[in-house]
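Enquirer: Sharing run_3.cif here; it has mmCIF, C-alpha atoms and all ligand atoms.
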```cif
data_work
loop_
_atom_site.label_atom_id
_atom_site.label_comp_id
_atom_site.auth_asym_id
_atom_site.auth_seq_id
_atom_site.Cartn_x
_atom_site.Cartn_y
_atom_site.Cartn_z
CA MET A 1 -20.24 -47.32 51.72
CA ASN A 2 -20.39 -43.58 51.94
CA ALA A 3 -23.17 -42.10 49.81
CA HIS A 4 -20.84 -39.25 48.88
CA GLU A 5 -18.21 -41.46 47.28
CA LYS A 6 -20.30 -42.14 44.20
CA THR A 7 -20.39 -39.32 41.71
CA TRP A 8 -22.47 -38.43 38.66
CA LEU A 9 -20.91 -36.16 36.04
CA GLY A 10 -18.49 -35.10 38.75
CA HIS A 11 -21.32 -34.28 41.19
CA PRO A 12 -22.63 -36.15 44.24
CA ARG A 13 -24.65 -39.16 43.02
CA GLY A 14 -27.71 -37.79 44.83
CA LEU A 15 -27.92 -35.04 42.21
CA ALA A 16 -28.84 -37.67 39.60
CA THR A 17 -31.75 -38.81 41.78
CA LEU A 18 -33.00 -35.24 42.24
CA PHE A 19 -32.44 -34.39 38.57
CA MET A 20 -34.65 -37.33 37.57
CA THR A 21 -37.27 -36.62 40.23
CA GLU A 22 -37.67 -33.00 39.18
CA MET A 23 -37.48 -33.97 35.50
CA TRP A 24 -40.42 -36.36 35.85
CA GLU A 25 -42.37 -33.97 38.06
CA ARG A 26 -41.96 -31.18 35.48
CA PHE A 27 -42.80 -33.69 32.73
CA SER A 28 -46.13 -34.31 34.42
CA TYR A 29 -46.72 -30.64 35.30
CA TYR A 30 -46.02 -29.20 31.86
CA GLY A 31 -47.47 -32.17 29.99
CA MET A 32 -50.80 -31.62 31.76
CA ARG A 33 -50.58 -27.82 31.65
CA ALA A 34 -50.20 -27.93 27.88
CA LEU A 35 -53.61 -29.62 27.74
CA LEU A 36 -55.43 -27.86 30.55
CA LEU A 37 -56.82 -24.71 28.93
CA LEU A 38 -57.52 -26.45 25.63
CA TYR A 39 -59.34 -29.24 27.48
CA MET A 40 -61.62 -26.69 29.14
CA THR A 41 -62.30 -24.54 26.05
CA GLY A 42 -61.97 -27.25 23.41
CA SER A 43 -59.21 -27.50 20.80
CA VAL A 44 -59.47 -27.43 17.01
CA LEU A 45 -58.64 -31.12 17.07
CA GLN A 46 -61.10 -32.22 19.71
CA PRO A 47 -63.97 -30.67 21.66
CA GLY A 48 -63.41 -30.26 25.38
CA LEU A 49 -65.60 -29.24 28.29
CA GLY A 50 -66.99 -26.33 26.28
CA PHE A 51 -66.19 -23.66 28.90
CA ARG A 52 -66.14 -20.03 27.71
CA GLU A 53 -62.70 -18.37 27.66
CA LYS A 54 -63.38 -16.21 30.75
CA ARG A 55 -64.37 -19.13 32.93
CA ALA A 56 -61.66 -21.46 31.63
CA SER A 57 -58.99 -18.79 32.07
CA LEU A 58 -60.08 -18.08 35.62
CA ILE A 59 -59.84 -21.75 36.62
CA TYR A 60 -56.50 -22.00 34.80
CA ALA A 61 -55.23 -18.85 36.54
CA LEU A 62 -56.30 -20.07 39.97
CA TYR A 63 -54.62 -23.42 39.32
CA VAL A 64 -51.23 -22.13 38.10
CA GLY A 65 -51.27 -19.39 40.74
CA THR A 66 -51.98 -21.65 43.73
CA VAL A 67 -49.60 -24.36 42.53
CA TYR A 68 -46.70 -21.98 43.23
CA LEU A 69 -48.35 -20.23 46.17
CA MET A 70 -48.42 -23.61 47.93
CA GLY A 71 -44.63 -23.67 47.70
CA VAL A 72 -44.55 -21.31 50.67
CA PRO A 73 -46.44 -23.55 53.18
CA GLY A 74 -44.89 -26.59 51.45
CA GLY A 75 -41.40 -25.43 52.41
CA TYR A 76 -42.55 -24.60 55.92
CA VAL A 77 -44.23 -27.97 56.52
CA ALA A 78 -41.08 -29.76 55.39
CA ASP A 79 -38.82 -27.61 57.59
CA ARG A 80 -40.92 -28.04 60.70
CA TRP A 81 -42.56 -31.40 60.44
CA LEU A 82 -42.22 -33.76 57.48
CA GLY A 83 -38.56 -33.29 56.59
CA HIS A 84 -37.52 -32.45 53.04
CA ARG A 85 -36.98 -35.98 51.76
CA ARG A 86 -40.32 -37.25 52.99
CA ALA A 87 -42.10 -34.10 51.73
CA VAL A 88 -40.82 -34.80 48.21
CA PHE A 89 -42.09 -38.36 48.35
CA VAL A 90 -45.52 -37.44 49.74
CA GLY A 91 -45.74 -34.57 47.22
CA GLY A 92 -44.98 -36.95 44.34
CA VAL A 93 -47.69 -39.37 45.49
CA PHE A 94 -50.25 -36.54 45.61
CA ILE A 95 -49.22 -35.32 42.16
CA ALA A 96 -49.49 -38.78 40.58
CA ALA A 97 -52.88 -39.32 42.27
CA GLY A 98 -54.01 -35.93 40.92
CA HIS A 99 -53.14 -36.76 37.33
CA PHE A 100 -54.78 -40.18 37.57
CA SER A 101 -57.87 -38.54 39.02
CA MET A 102 -58.03 -36.36 35.89
CA ALA A 103 -57.86 -39.50 33.79
CA PHE A 104 -61.53 -40.06 34.68
CA SER A 105 -64.07 -38.00 32.79
CA SER A 106 -66.14 -36.38 35.49
CA MET A 107 -66.17 -32.85 36.85
CA THR A 108 -65.53 -34.07 40.40
CA THR A 109 -62.42 -36.00 39.46
CA PHE A 110 -61.26 -33.06 37.32
CA TYR A 111 -61.36 -30.56 40.21
CA LEU A 112 -60.13 -33.14 42.72
CA GLY A 113 -57.16 -33.80 40.43
CA LEU A 114 -56.27 -30.12 40.25
CA CYS A 115 -56.42 -29.80 44.05
CA LEU A 116 -54.21 -32.87 44.58
CA ILE A 117 -51.60 -31.56 42.13
CA ILE A 118 -51.62 -28.16 43.85
CA LEU A 119 -50.97 -29.77 47.26
CA GLY A 120 -48.39 -32.18 45.88
CA THR A 121 -46.43 -29.59 43.93
CA GLY A 122 -46.36 -27.31 46.97
CA LEU A 123 -44.68 -30.14 48.89
CA LEU A 124 -42.35 -31.31 46.15
CA LYS A 125 -41.13 -28.30 44.17
CA PRO A 126 -39.46 -26.11 46.81
CA ASN A 127 -38.08 -29.04 48.79
CA VAL A 128 -36.44 -30.90 45.95
CA SER A 129 -34.38 -27.73 45.29
CA THR A 130 -33.54 -27.43 48.98
CA ILE A 131 -32.19 -31.00 48.98
CA VAL A 132 -29.94 -30.14 46.01
CA GLY A 133 -28.35 -27.50 48.24
CA THR A 134 -27.70 -30.03 51.05
CA LEU A 135 -25.52 -32.17 48.78
CA TYR A 136 -22.76 -29.56 48.78
CA THR A 137 -20.72 -27.91 51.48
CA LYS A 138 -21.10 -24.13 51.62
CA ASP A 139 -17.77 -23.56 49.87
CA ASP A 140 -18.05 -26.41 47.34
CA THR A 141 -17.19 -24.84 43.98
CA ARG A 142 -19.45 -27.33 42.19
CA ARG A 143 -22.54 -25.88 43.85
CA ASP A 144 -23.61 -23.40 41.14
CA ALA A 145 -22.85 -25.89 38.38
CA GLY A 146 -24.98 -28.42 40.30
CA PHE A 147 -27.92 -26.04 40.28
CA SER A 148 -27.41 -25.36 36.56
CA LEU A 149 -27.53 -29.10 35.84
CA PHE A 150 -30.67 -29.31 37.96
CA TYR A 151 -32.21 -26.44 35.92
CA MET A 152 -31.51 -28.50 32.80
CA GLY A 153 -33.43 -31.41 34.39
CA ILE A 154 -36.39 -29.08 34.94
CA ASN A 155 -36.34 -28.06 31.30
CA LEU A 156 -35.78 -31.56 29.98
CA GLY A 157 -39.02 -32.54 31.72
CA ALA A 158 -40.77 -29.40 30.47
CA PHE A 159 -39.59 -30.23 26.95
CA ILE A 160 -40.59 -33.90 26.84
CA GLY A 161 -43.89 -33.54 28.78
CA PRO A 162 -45.89 -31.73 26.09
CA ILE A 163 -44.27 -33.79 23.30
CA ILE A 164 -45.66 -36.99 24.78
CA CYS A 165 -48.84 -35.82 26.51
CA THR A 166 -50.31 -33.40 23.96
CA PRO A 167 -50.56 -35.71 20.92
CA LEU A 168 -52.16 -38.34 23.20
CA GLY A 169 -54.50 -35.79 24.79
CA GLN A 170 -55.39 -33.65 21.79
CA GLN A 171 -55.42 -36.30 19.08
CA ILE A 172 -56.64 -39.41 20.91
CA ASN A 173 -58.35 -38.60 24.20
CA TRP A 174 -57.78 -35.84 26.77
CA HIS A 175 -57.86 -38.33 29.63
CA ILE A 176 -55.15 -40.53 28.14
CA GLY A 177 -52.97 -37.39 28.03
CA PHE A 178 -53.64 -36.73 31.72
CA ALA A 179 -52.98 -40.37 32.64
CA CYS A 180 -49.68 -40.18 30.76
CA ALA A 181 -48.63 -37.27 32.97
CA GLY A 182 -49.42 -39.47 35.99
CA VAL A 183 -47.32 -42.34 34.61
CA GLY A 184 -44.37 -39.93 34.33
CA MET A 185 -44.69 -38.94 37.99
CA VAL A 186 -44.85 -42.62 39.02
CA LEU A 187 -41.62 -43.32 37.12
CA GLY A 188 -40.06 -40.36 38.92
CA LEU A 189 -41.24 -41.72 42.28
CA ILE A 190 -39.89 -45.22 41.61
CA GLN A 191 -36.43 -43.94 40.82
CA TYR A 192 -36.65 -41.57 43.83
CA VAL A 193 -37.33 -44.46 46.17
CA PHE A 194 -34.39 -46.42 44.79
CA GLY A 195 -32.05 -43.43 44.70
CA GLN A 196 -33.00 -42.04 48.10
CA LYS A 197 -29.99 -43.69 49.73
CA TYR A 198 -27.80 -41.17 47.92
CA LEU A 199 -29.59 -38.17 49.37
CA VAL A 200 -27.52 -37.94 52.53
CA PRO A 201 -26.80 -34.29 53.27
CA VAL A 202 -23.07 -33.55 53.48
CA SER A 203 -23.72 -32.42 57.01
CA GLU A 204 -24.67 -36.02 57.93
CA ALA A 205 -21.92 -37.76 55.97
CA LYS A 206 -19.22 -39.79 57.73
CA PRO A 207 -16.71 -37.37 59.23
CA SER A 208 -13.81 -39.58 58.11
CA LYS A 209 -14.48 -38.70 54.49
CA ILE A 210 -16.03 -35.27 54.53
CA GLU A 211 -15.69 -32.43 56.98
CA PRO A 212 -19.12 -32.06 58.54
CA LEU A 213 -20.61 -28.61 58.40
CA ALA A 214 -20.84 -26.95 61.75
CA PRO A 215 -24.50 -26.47 62.72
CA GLU A 216 -25.63 -23.28 61.10
CA PRO A 217 -25.43 -20.47 63.61
CA ILE A 218 -28.83 -18.87 64.09
CA ALA A 219 -28.49 -15.29 62.98
CA PRO A 220 -28.85 -13.01 66.01
CA LYS A 221 -32.00 -10.93 66.17
CA THR A 222 -30.31 -7.59 65.88
CA PRO A 223 -32.40 -4.80 64.34
CA PHE A 224 -31.85 -4.22 60.64
CA THR A 225 -29.34 -1.55 59.73
CA ARG A 226 -29.93 1.12 57.09
CA GLU A 227 -27.88 -1.04 54.74
CA ASP A 228 -30.09 -4.07 55.42
CA TRP A 229 -33.20 -2.07 54.64
CA GLY A 230 -31.65 -0.83 51.40
CA ARG A 231 -30.95 -4.42 50.31
CA ILE A 232 -34.44 -5.55 51.32
CA ALA A 233 -35.87 -2.70 49.24
CA ALA A 234 -33.67 -3.66 46.26
CA ALA A 235 -34.70 -7.33 46.49
CA SER A 236 -38.39 -6.38 46.80
CA ILE A 237 -38.35 -4.08 43.77
CA LEU A 238 -36.56 -6.72 41.69
CA THR A 239 -39.13 -9.31 42.83
CA LEU A 240 -41.90 -6.99 41.65
CA PHE A 241 -40.25 -6.77 38.23
CA ALA A 242 -40.02 -10.57 38.23
CA LEU A 243 -43.80 -10.73 38.82
CA ILE A 244 -44.37 -8.63 35.69
CA PHE A 245 -41.94 -10.82 33.77
CA TRP A 246 -43.75 -14.05 34.75
CA ALA A 247 -47.11 -12.49 33.90
CA GLY A 248 -45.91 -12.10 30.32
CA PHE A 249 -43.77 -15.22 30.12
CA GLU A 250 -46.29 -17.70 31.52
CA GLN A 251 -48.80 -16.82 28.80
CA ALA A 252 -47.13 -19.75 27.06
CA GLY A 253 -49.77 -21.92 28.71
CA SER A 254 -52.68 -19.50 28.26
CA SER A 255 -53.17 -16.88 25.52
CA LEU A 256 -50.22 -18.13 23.46
CA THR A 257 -51.56 -21.67 23.56
CA LEU A 258 -54.91 -20.42 22.29
CA PHE A 259 -53.05 -18.49 19.57
CA ALA A 260 -51.15 -21.67 18.65
CA ASP A 261 -54.36 -23.69 18.52
CA ARG A 262 -56.58 -21.28 16.64
CA ALA A 263 -54.36 -18.93 14.68
CA THR A 264 -51.18 -20.82 13.81
CA ARG A 265 -50.61 -23.26 10.95
CA LEU A 266 -50.51 -26.74 12.44
CA THR A 267 -49.61 -28.83 9.44
CA PHE A 268 -46.18 -30.12 8.64
CA PHE A 269 -45.61 -32.19 5.51
CA GLY A 270 -49.35 -32.69 5.24
CA ARG A 271 -49.72 -33.98 8.79
CA THR A 272 -51.49 -32.03 11.51
CA PHE A 273 -49.67 -31.74 14.82
CA ALA A 274 -51.02 -30.97 18.30
CA SER A 275 -50.90 -27.25 19.17
CA GLY A 276 -49.75 -28.07 22.71
CA LEU A 277 -46.40 -29.07 21.21
CA PHE A 278 -45.48 -25.39 21.04
CA GLN A 279 -45.00 -25.49 24.79
CA SER A 280 -41.92 -27.64 24.28
CA VAL A 281 -40.17 -24.99 22.22
CA GLU A 282 -39.07 -22.65 25.03
CA PRO A 283 -37.65 -25.39 27.32
CA PHE A 284 -35.76 -26.73 24.31
CA PHE A 285 -34.11 -23.35 23.82
CA VAL A 286 -33.32 -23.20 27.55
CA ILE A 287 -31.51 -26.56 27.36
CA VAL A 288 -29.47 -25.35 24.40
CA PHE A 289 -28.71 -21.86 25.66
CA SER A 290 -28.15 -22.25 29.43
CA PRO A 291 -24.57 -23.43 28.91
CA VAL A 292 -24.01 -20.46 26.57
CA PHE A 293 -25.24 -18.02 29.22
CA ALA A 294 -23.21 -19.70 31.97
CA TRP A 295 -20.14 -19.33 29.77
CA LEU A 296 -20.99 -15.73 28.90
CA TRP A 297 -21.37 -14.61 32.54
CA LEU A 298 -18.05 -16.26 33.41
CA LYS A 299 -16.31 -14.79 30.37
CA LEU A 300 -17.51 -11.27 31.16
CA GLY A 301 -15.81 -11.56 34.55
CA SER A 302 -15.79 -8.14 36.22
CA ARG A 303 -17.82 -6.68 33.33
CA ASN A 304 -20.66 -9.07 34.19
CA PRO A 305 -23.83 -6.92 34.33
CA SER A 306 -25.36 -6.29 37.77
CA SER A 307 -28.57 -8.10 38.81
CA PRO A 308 -30.83 -5.07 38.07
CA ALA A 309 -29.23 -4.75 34.63
CA LYS A 310 -29.89 -8.45 33.93
CA PHE A 311 -33.49 -8.05 35.08
CA THR A 312 -33.84 -5.14 32.65
CA PHE A 313 -32.50 -7.32 29.82
CA GLY A 314 -34.99 -10.01 30.83
CA LEU A 315 -37.90 -7.57 30.55
CA PHE A 316 -36.49 -6.16 27.34
CA PHE A 317 -36.47 -9.58 25.67
CA LEU A 318 -40.03 -10.16 26.88
CA THR A 319 -41.05 -6.83 25.28
CA LEU A 320 -39.39 -7.83 22.01
CA SER A 321 -41.18 -11.18 22.04
CA PHE A 322 -44.62 -9.55 22.14
CA LEU A 323 -43.53 -6.96 19.58
CA LEU A 324 -42.59 -9.81 17.27
CA ILE A 325 -45.92 -11.62 17.54
CA LEU A 326 -48.03 -8.46 17.00
CA PRO A 327 -47.83 -8.32 13.19
CA ALA A 328 -48.68 -12.04 13.05
CA ALA A 329 -51.73 -11.48 15.27
CA LYS A 330 -52.81 -8.51 13.13
CA TYR A 331 -52.33 -10.53 9.94
CA TYR A 332 -54.46 -13.35 11.30
CA GLN A 333 -57.22 -10.91 12.19
CA THR A 334 -57.35 -9.13 8.87
CA HIS A 335 -57.01 -12.17 6.64
CA GLN A 336 -58.39 -14.90 8.91
CA VAL A 337 -55.55 -17.10 7.69
CA ARG A 338 -53.39 -19.14 10.06
CA VAL A 339 -49.86 -17.76 10.40
CA SER A 340 -46.52 -19.55 10.15
CA PRO A 341 -45.34 -21.46 13.28
CA PHE A 342 -42.09 -19.53 13.05
CA TRP A 343 -43.72 -16.49 14.66
CA LEU A 344 -44.28 -18.43 17.88
CA ILE A 345 -40.89 -20.14 17.61
CA GLY A 346 -39.27 -16.68 17.34
CA LEU A 347 -41.28 -15.43 20.30
CA TYR A 348 -40.20 -18.38 22.44
CA PHE A 349 -36.57 -17.87 21.45
CA LEU A 350 -36.73 -14.27 22.70
CA GLN A 351 -38.54 -15.32 25.88
CA CYS A 352 -35.86 -17.92 26.56
CA MET A 353 -33.20 -15.20 26.35
CA GLY A 354 -35.28 -13.24 28.86
CA GLU A 355 -35.75 -16.20 31.21
CA LEU A 356 -32.03 -16.92 31.28
CA CYS A 357 -31.27 -13.29 32.19
CA LEU A 358 -33.79 -13.21 35.01
CA SER A 359 -34.79 -16.54 36.56
CA PRO A 360 -31.47 -18.09 37.71
CA VAL A 361 -30.15 -14.62 38.56
CA GLY A 362 -33.22 -13.97 40.72
CA LEU A 363 -32.60 -16.95 42.99
CA SER A 364 -29.02 -16.01 43.69
CA MET A 365 -30.02 -12.33 44.07
CA ILE A 366 -32.45 -13.25 46.87
CA THR A 367 -29.85 -15.26 48.75
CA LYS A 368 -27.27 -12.48 48.37
CA LEU A 369 -29.44 -9.51 49.34
CA SER A 370 -31.62 -10.84 52.15
CA PRO A 371 -30.36 -10.45 55.70
CA PRO A 372 -29.66 -14.09 56.77
CA ARG A 373 -32.45 -14.29 59.30
CA ILE A 374 -35.16 -13.55 56.74
CA VAL A 375 -33.74 -15.34 53.69
CA GLY A 376 -36.37 -18.11 53.92
CA PHE A 377 -39.12 -15.52 54.08
CA MET A 378 -37.71 -13.60 51.10
CA MET A 379 -37.52 -16.86 49.12
CA GLY A 380 -41.20 -17.31 49.96
CA VAL A 381 -41.88 -13.83 48.61
CA TRP A 382 -40.00 -14.76 45.42
CA PHE A 383 -42.30 -17.78 45.01
CA LEU A 384 -45.27 -15.50 45.70
CA ALA A 385 -44.21 -13.33 42.77
CA THR A 386 -44.07 -16.43 40.55
CA ALA A 387 -47.56 -17.33 41.75
CA GLY A 388 -48.87 -13.80 41.13
CA GLY A 389 -47.31 -13.70 37.66
CA ASN A 390 -48.79 -17.08 36.76
CA TYR A 391 -52.19 -15.99 37.99
CA LEU A 392 -52.08 -12.82 35.88
CA ALA A 393 -50.89 -14.75 32.83
CA GLY A 394 -53.92 -17.01 33.06
CA TRP A 395 -56.33 -14.16 33.79
CA VAL A 396 -55.17 -12.24 30.69
CA ALA A 397 -56.34 -15.06 28.42
CA GLY A 398 -59.92 -14.47 29.62
CA PHE A 399 -59.97 -11.24 27.60
CA LEU A 400 -59.83 -13.34 24.45
CA GLU A 401 -63.52 -14.04 24.95
CA ASN A 402 -64.38 -10.65 23.49
CA ARG A 403 -61.08 -9.10 22.44
CA THR A 404 -58.64 -9.93 19.68
CA TYR A 405 -55.19 -11.51 19.99
CA SER A 406 -53.54 -8.29 18.90
CA GLU A 407 -55.37 -6.30 21.59
CA VAL A 408 -54.23 -8.74 24.27
CA PHE A 409 -50.66 -8.89 22.95
CA THR A 410 -50.56 -5.09 22.70
CA ILE A 411 -51.42 -4.85 26.40
CA ALA A 412 -48.71 -7.41 27.18
CA PHE A 413 -46.23 -5.52 25.00
CA ALA A 414 -47.05 -2.14 26.53
CA THR A 415 -46.81 -3.47 30.10
CA ALA A 416 -43.49 -5.16 29.40
CA ALA A 417 -42.14 -2.06 27.63
CA ALA A 418 -43.13 0.23 30.51
CA ALA A 419 -41.58 -2.18 33.04
CA THR A 420 -38.36 -2.33 30.98
CA LEU A 421 -38.13 1.44 30.90
CA ILE A 422 -38.77 1.85 34.63
CA ALA A 423 -36.29 -0.94 35.43
CA ALA A 424 -33.64 0.67 33.23
CA LEU A 425 -34.12 4.05 34.90
CA MET A 426 -33.96 2.44 38.32
CA ILE A 427 -30.69 0.51 37.75
CA PRO A 428 -28.49 3.17 39.44
CA VAL A 429 -30.90 3.58 42.37
CA ILE A 430 -31.24 -0.17 42.93
CA ARG A 431 -27.48 -0.60 42.70
CA ARG A 432 -27.04 2.06 45.36
CA TRP A 433 -29.54 0.29 47.61
CA MET A 434 -27.70 -2.97 47.06
CA GLY A 435 -24.71 -1.45 48.82
CA GLY A 436 -21.86 -3.03 46.91
CA VAL A 437 -23.53 -6.41 46.20
CA ARG A 438 -23.70 -6.99 42.45
N1 LIG B 501 -39.49 -23.10 34.28
C1 LIG B 501 -39.45 -22.88 35.72
C2 LIG B 501 -39.80 -24.17 36.41
O1 LIG B 501 -40.66 -24.86 35.97
C3 LIG B 501 -40.42 -21.81 36.08
C4 LIG B 501 -40.45 -21.49 37.55
C5 LIG B 501 -39.55 -20.58 38.08
C6 LIG B 501 -41.36 -22.09 38.39
C7 LIG B 501 -39.55 -20.28 39.44
C8 LIG B 501 -41.37 -21.81 39.75
C9 LIG B 501 -40.47 -20.91 40.29
O2 LIG B 501 -39.22 -24.51 37.42
#
```
Before anything else, please render the file you have as structure tokens.
Expert:
Amino acid sequence: MNAHEKTWLGHPRGLATLFMTEMWERFSYYGMRALLLLYMTGSVLQPGLGFREKRASLIYALYVGTVYLMGVPGGYVADRWLGHRRAVFVGGVFIAAGHFSMAFSSMTTFYLGLCLIILGTGLLKPNVSTIVGTLYTKDDTRRDAGFSLFYMGINLGAFIGPIICTPLGQQINWHIGFACAGVGMVLGLIQYVFGQKYLVPVSEAKPSKIEPLAPEPIAPKTPFTREDWGRIAAASILTLFALIFWAGFEQAGSSLTLFADRATRLTFFGRTFASGLFQSVEPFFVIVFSPVFAWLWLKLGSRNPSSPAKFTFGLFFLTLSFLLILPAAKYYQTHQVRVSPFWLIGLYFLQCMGELCLSPVGLSMITKLSPPRIVGFMMGVWFLATAGGNYLAGWVAGFLENRTYSEVFTIAFATAAAATLIAALMIPVIRRWMGGVR
């Protein structure tokens, strides 16, 4: 039977396999990440390795930075050698092995675990998205909706991961939390192996049912025109803004997690909850609000804001989020009293609005603006910006060793505000460079 005959929510059945694979991979990634910095510095609920903030933040920054940096060679290795489907499988095995390695309490297995997860994620993360693209013909109208569903899978994993792993890790034993992340990845791998038969690219499907795609013509190596250079410049500037956005946004796992652990009220009806749970809040908002945004962009039709305008909104929401948390941080400092969890919930709501303006838009912006023969390279650069932003977000938390939360959040606020202003001023210039592309 043709793998393309079966459907899932109106999409090729293979999407369900990839949705679940990425859901479990993100479950393990975010479940472990929610514990990582607290494990190194120690949490209010349980002592950890006893690292100082500077050292812990540096290791954290190197980890979250290289995890995404590895996406660049990971994509390349799959293209040239392993193939995308095999790369996802091998990546998943590495990731699971990494989490299980961290389930042992020794420094060697801790660092080994981090390295395995870095290698595995580099192989899995970019390629699982590439396979989603192969399930649709170029002109299939379900394509964008397919990617939106896939984005929901990412966030479902990011939502459940901390909910399950942090109470186990913070309230019972760190290593049980890490092992739990590994179990999630194994479940993802099992269903991947069983569902792999559905991952036949449309281009390989039986011609009787589906028109095969003609082999993609290799774009001729003509020199770039002035217009091409303009678009490359526009995409590069927007990618730079994205880097600043991620540097603020990804503090969810670093400085904001420390703020949750040490400065936020963690009791609810007399019971104490794990501070890592706060990391589930933003993905929850993403699940709820992505359909709203998808509807909004469609509804706006020709009045839909341009990509640089959406990037500006993204940075603006990020600025607001740090502005919101500032009084809470100041209050904590003056009174040394833990603040209400609603401050962080409000911050994550605003950051979710920002993410939905910038992250999905960014991917499509890259594919629209890059001259075809360098689109893969530009996608690599986009991942590089994510890596750089993640690195900075981790590095910032190191300042908490001898500076206050409000000082760190003021720096984040000021950087985001300056970036918003510059982005807003540059909208007309970037639009001109984009040469008619929105
Ligand atoms: N929440 C997104 C995810 O986990 C963040 C991200 C965006 C990561 C882009 C990598 C690249 O997929």
Enquirer: Can you sort out the box for region 231-250 of chain A, edges along x, y and z, all listed atoms in, 8 Å on every side, with centre and edge lengths in Å to one decimal, as AutoDock Vina command-line options?
Expert:
```
--center_x -39.0 --center_y -10.2 --center_z 40.7 --size_x 32.2 --size_y 31.0 --size_z 37.2
```
Enquirer: Per residue of chain A within 6 Å of ligand LIG 501 (chain B), note the shortest atom pair and the distance in Å to one decimal, counting all atoms listed in the file, and order the rows by chain and increasing residue number, as CSV.
Expert:
```
residue,atom,partner,partner_atom,distance
A:Ile154,CA,B:LIG501,O2,5.9
A:Phe383,CA,B:LIG501,C9,6.0
A:Thr386,CA,B:LIG501,C9,5.8
```
Enquirer: Find, counting all atoms listed in the file, the residue in A:Leu116, A:Ala87, A:Met379, A:Ala294 that gets nearest to Leu363 (chain A).
Expert: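 Looking at the shortest contact to Leu363 (chain A), the residue is A:Met379.
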Enquirer: Could you pull the residues within 12 Å of Ala414 (chain A), counting all atoms listed in the file, minus those fewer than 6 positions along the same chain, as number ranges by chain?
Expert: A: 244, 248, 315-316, 318-323, 326, 406-408, 420-421
Enquirer: Find the residue from A:Gly188, A:Pro47, A:Gly253, A:Pro360 that sits nearest to Asn390 (chain A); use only C-alpha atoms when measuring.
Expert: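 Nearest candidate to Asn390 (chain A) out of A:Gly188, A:Pro47, A:Gly253, A:Pro360: A:Gly253.
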Enquirer: Using all atoms listed in the file, determine which residues lie at most 9 Å from Val337 (chain A), disregarding the query and same-chain residues fewer than 5 positions distant; provide the list as a PyMOL selection string.
Expert: chain A and resi 263-265+331-332
Enquirer: Go ahead and compute the interatomic distance for CA of Thr166 (chain A) and CA of Met32 (chain A), in Å to one decimal.
Expert: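 Pair CA of Thr166 (chain A) / CA of Met32 (chain A) returns 8.0 Å.
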Enquirer: Could you check the closest approach to Pro428 (chain A) for each of A:Pro372, A:Pro308, A:Gly389, A:Gly398 and tell me which residue wins, using only C-alpha atoms?
Expert: A:Pro308
Enquirer: Any idea what's packed within 7 Å of Cys352 (chain A), counting all atoms listed in the file, ignoring anything in its chain fewer than 6 positions away? Could you give it as a PyMOL selection string?
Expert: chain A and resi 282+285-286
Enquirer: Can you measure CA of Ser106 (chain A) to CA of Val186 (chain A) for me? One decimal in Å is fine.
Expert: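 Here the two named atoms are 22.5 Å from each other.
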Enquirer: My list of candidates is A:Thr410, A:Ser307, A:Gln251, A:Ser370. Which is closest to Gly394 (chain A) when distances are computed with all atoms listed in the file?
Expert: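 The closest residue to Gly394 (chain A) is A:Gln251.
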Enquirer: I want to know what sits within 9 Å of Ala235 (chain A), based on all atoms listed in the file, with residues of the same chain fewer than 6 positions away left out; could you give that as a PyMOL selection string?
Expert: chain A and resi 362+365-366+369-370+378+430+434
Enquirer: Can I get the selected residues back with C-alpha atoms, as a short mmCIF file (atom, residue, chain, number, x, y, z; two decimals), in the coordinates of the input?
Expert:
```
data_model
loop_
_atom_site.label_atom_id
_atom_site.label_comp_id
_atom_site.auth_asym_id
_atom_site.auth_seq_id
_atom_site.Cartn_x
_atom_site.Cartn_y
_atom_site.Cartn_z
CA GLY A 362 -33.22 -13.97 40.72
CA MET A 365 -30.02 -12.33 44.07
CA ILE A 366 -32.45 -13.25 46.87
CA LEU A 369 -29.44 -9.51 49.34
CA SER A 370 -31.62 -10.84 52.15
CA MET A 378 -37.71 -13.60 51.10
CA ILE A 430 -31.24 -0.17 42.93
CA MET A 434 -27.70 -2.97 47.06
#
```
Enquirer: At a cut-off of 9 Å, using all atoms listed in the file, what residues contact Met152 (chain A)? Leave out same-chain residues fewer than 5 positions from it and give the result as an MDAnalysis selection string.
Expert: chainID A and resid 19 23 147 157 283 286:287 290
Enquirer: Rounded to one decimal, what separation in Å do you get between CA of Ala34 (chain A) and CA of Phe289 (chain A)?
Expert: 22.4 Å
Enquirer: Enumerate, as a list in words, the protein, DNA and RNA residues whose atoms approach (-44.8, -12.4, 17.6) to within 9 Å, taking into account only C-alpha atoms and the coordinate frame of the file.
Expert: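 I get Leu320, Ser321, Phe322, Leu323, Leu324, Ile325, Leu326, Pro327, Ala328, Ala329, Phe342, Trp343, Leu344, Ile345, Gly346, Leu347, Tyr348 and Phe409 of chain A for the residues within 9 Å of that point.
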